[in-house]
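Peer 1: Before I ask anything, here is the structure I am working with.
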Amino acid sequence: MSITVFPMTPHLGAEIGEIDLSRPLSPADVEAMKQAFWHYGVLIFPDQQLTEQQHLEFAKYIGPLETSISVLNANDEKLRVPPEIADVSNLNARNEIWGEQSRIRRLQMGNRLWHTDSSFKYLPARASLLYARAIPPIGGHTEFADLRAAYDALPENKKRMLTGLVAEHALSYSRARIGFRDFTEAESKNLPPVPQVMVRTIPENGRKSLYVASHVGRILGMPEEEGRALVDELLAHATQRQFVYTHRWRVHDLVMWDNRCCLHRGTDYDDLRWKRDMHRATVSDIANTCEQENIEVTAAAAV
Ligand code: OGA
Ligand code: MN
């Protein structure tokens, strides 16, 4: 039996049935799954029973794994998860709900902003695969916005103006938006601003995608305030309701999204009351987006 594809909207988000991600997949299923992924940008695999290792093995069908950034785990406690998995829970190493003032809580609040994973790394993330082990009874959804549809809907003059522009992304920029400024010197040095194009082409289907995120702090060649205003305008444009799919989690959902063409953000929930235990595997892109689009950036920007 081959996989079934059940679209959540015509262009963004599809549920995939008749597939067991805990086992090796047939080449035909891998191909069908990838075709659905390039089309829908977000795939939902309900009711999967996965160990951490099986979760990672499935991610490898999409590409090489990225390891989690240590800055997000920079407390003295031992990690709950292996280094290839990002801990997106509200729990500490003893599986207790984090403290109100904990550093990790303040950092992770940045996930409430519209973003695309690891665009603040020179080599950004291609895909993310988030697996729900425990969810709160209310709230804590994840929203996705289609950056291809958002690009298509831009006026022609805006498309022309954005083509070839390069933005600087940094974790410190998005965290500054929520008032988090406590990066150590070593962390800031490890995560300097990186260049990414603002319009990219998705190789599998030739579609153009608007590559913006709250990680952007500056647009090269533009005064800082002007760049910020443009980014805010584009984020507001791209996240209009017609471009958005909201995922309401069930335990054991695995949701995989294409960071090249989707924004996402977590929604509010009572994180000091309910446990929300989510594990993320992340797949690297093939190259920095400027390299992919053959755009030269000055050596100084290309750290
Ligand atoms: C992520 C993320 C949002 C959420 O895992 O990359 O942004 O709803 N998650 O947990
Ligand atoms: Mn994210």
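Identifiers in this document derive from the order of the structure tokens: chains are assigned A, B, ..., residues are numbered from 1 separately in each chain, and ligands are numbered from 1 in order of occurrence.
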Step by step, measure atom-to-atom distances between ligand 2 and each residue using only C-alpha atoms and all ligand atoms, keep those at most 8 Å, then write them as number ranges by chain.
Peer 2: A: 111, 115-118, 128, 264-266
Peer 1: Name each residue within 9 Å of ligand 1, counting only C-alpha atoms and all ligand atoms, as number ranges by chain.
Peer 2: A: 86-89, 108, 110-118, 128-131, 140-143, 247, 264-268, 276-282
Peer 1: Please, could you write that set of residues out with C-alpha atoms as a compact mmCIF listing (two decimals), in the first residue's frame?
Peer 2:
# COMPACT_ATOMS: atom_id res chain seq x y z
CA ALA A 86 16.70 20.30 19.68
CA ASP A 87 14.78 20.27 22.93
CA VAL A 88 11.73 22.46 22.24
CA SER A 89 10.04 21.57 25.52
CA GLN A 108 12.70 30.14 23.77
CA GLY A 110 11.66 33.86 20.60
CA ASN A 111 9.86 30.87 19.04
CA ARG A 112 6.66 32.92 19.38
CA LEU A 113 7.99 35.25 16.67
CA TRP A 114 7.58 34.35 13.00
CA HIS A 115 10.83 32.75 11.91
CA THR A 116 12.49 30.13 9.77
CA ASP A 117 14.89 27.77 11.53
CA SER A 118 18.62 28.48 11.57
CA SER A 128 12.63 20.68 10.60
CA LEU A 129 10.81 17.68 12.02
CA LEU A 130 9.01 18.32 15.29
CA TYR A 131 7.62 15.39 17.26
CA GLY A 140 0.59 25.70 22.22
CA HIS A 141 -0.28 25.37 18.54
CA THR A 142 2.20 25.96 15.72
CA GLU A 143 1.36 28.29 12.85
CA HIS A 247 -1.47 23.09 13.43
CA HIS A 264 6.45 29.31 11.60
CA ARG A 265 5.81 30.33 15.19
CA GLY A 266 4.54 28.72 18.36
CA THR A 267 1.38 30.13 19.95
CA ASP A 268 0.86 31.00 23.58
CA ARG A 276 4.79 20.53 26.42
CA ASP A 277 7.45 18.08 25.34
CA MET A 278 8.54 18.49 21.72
CA HIS A 279 11.69 17.16 20.08
CA ARG A 280 13.04 18.57 16.85
CA ALA A 281 15.34 17.00 14.29
CA THR A 282 16.76 19.48 11.79
Peer 1: Ser119 (chain A): which residues within 10 Å, counting only C-alpha atoms, same-chain residues fewer than 4 positions away excluded, as an NGL selection string?
Peer 2: :A and (115 or 123-126 or 168-171 or 193-196 or 211-216 or 259-260 or 285 or 288-289)
Peer 1: Show which residues sit within 8 Å of region 240-244 of chain A, as JSON, numbers by chain. Count only C-alpha atoms, and ignore same-chain residues fewer than 4 positions away.
Peer 2: {"A": [12, 143, 144, 145, 146, 147, 149, 150, 236]}
Peer 1: Pick from A:Ala287, A:Tyr151, A:Gln49, A:Gly179: nearest to Arg106 (chain A), with only C-alpha atoms counted?
Peer 2: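 Counting only C-alpha atoms, the residue closest to Arg106 (chain A) is A:Gly179.
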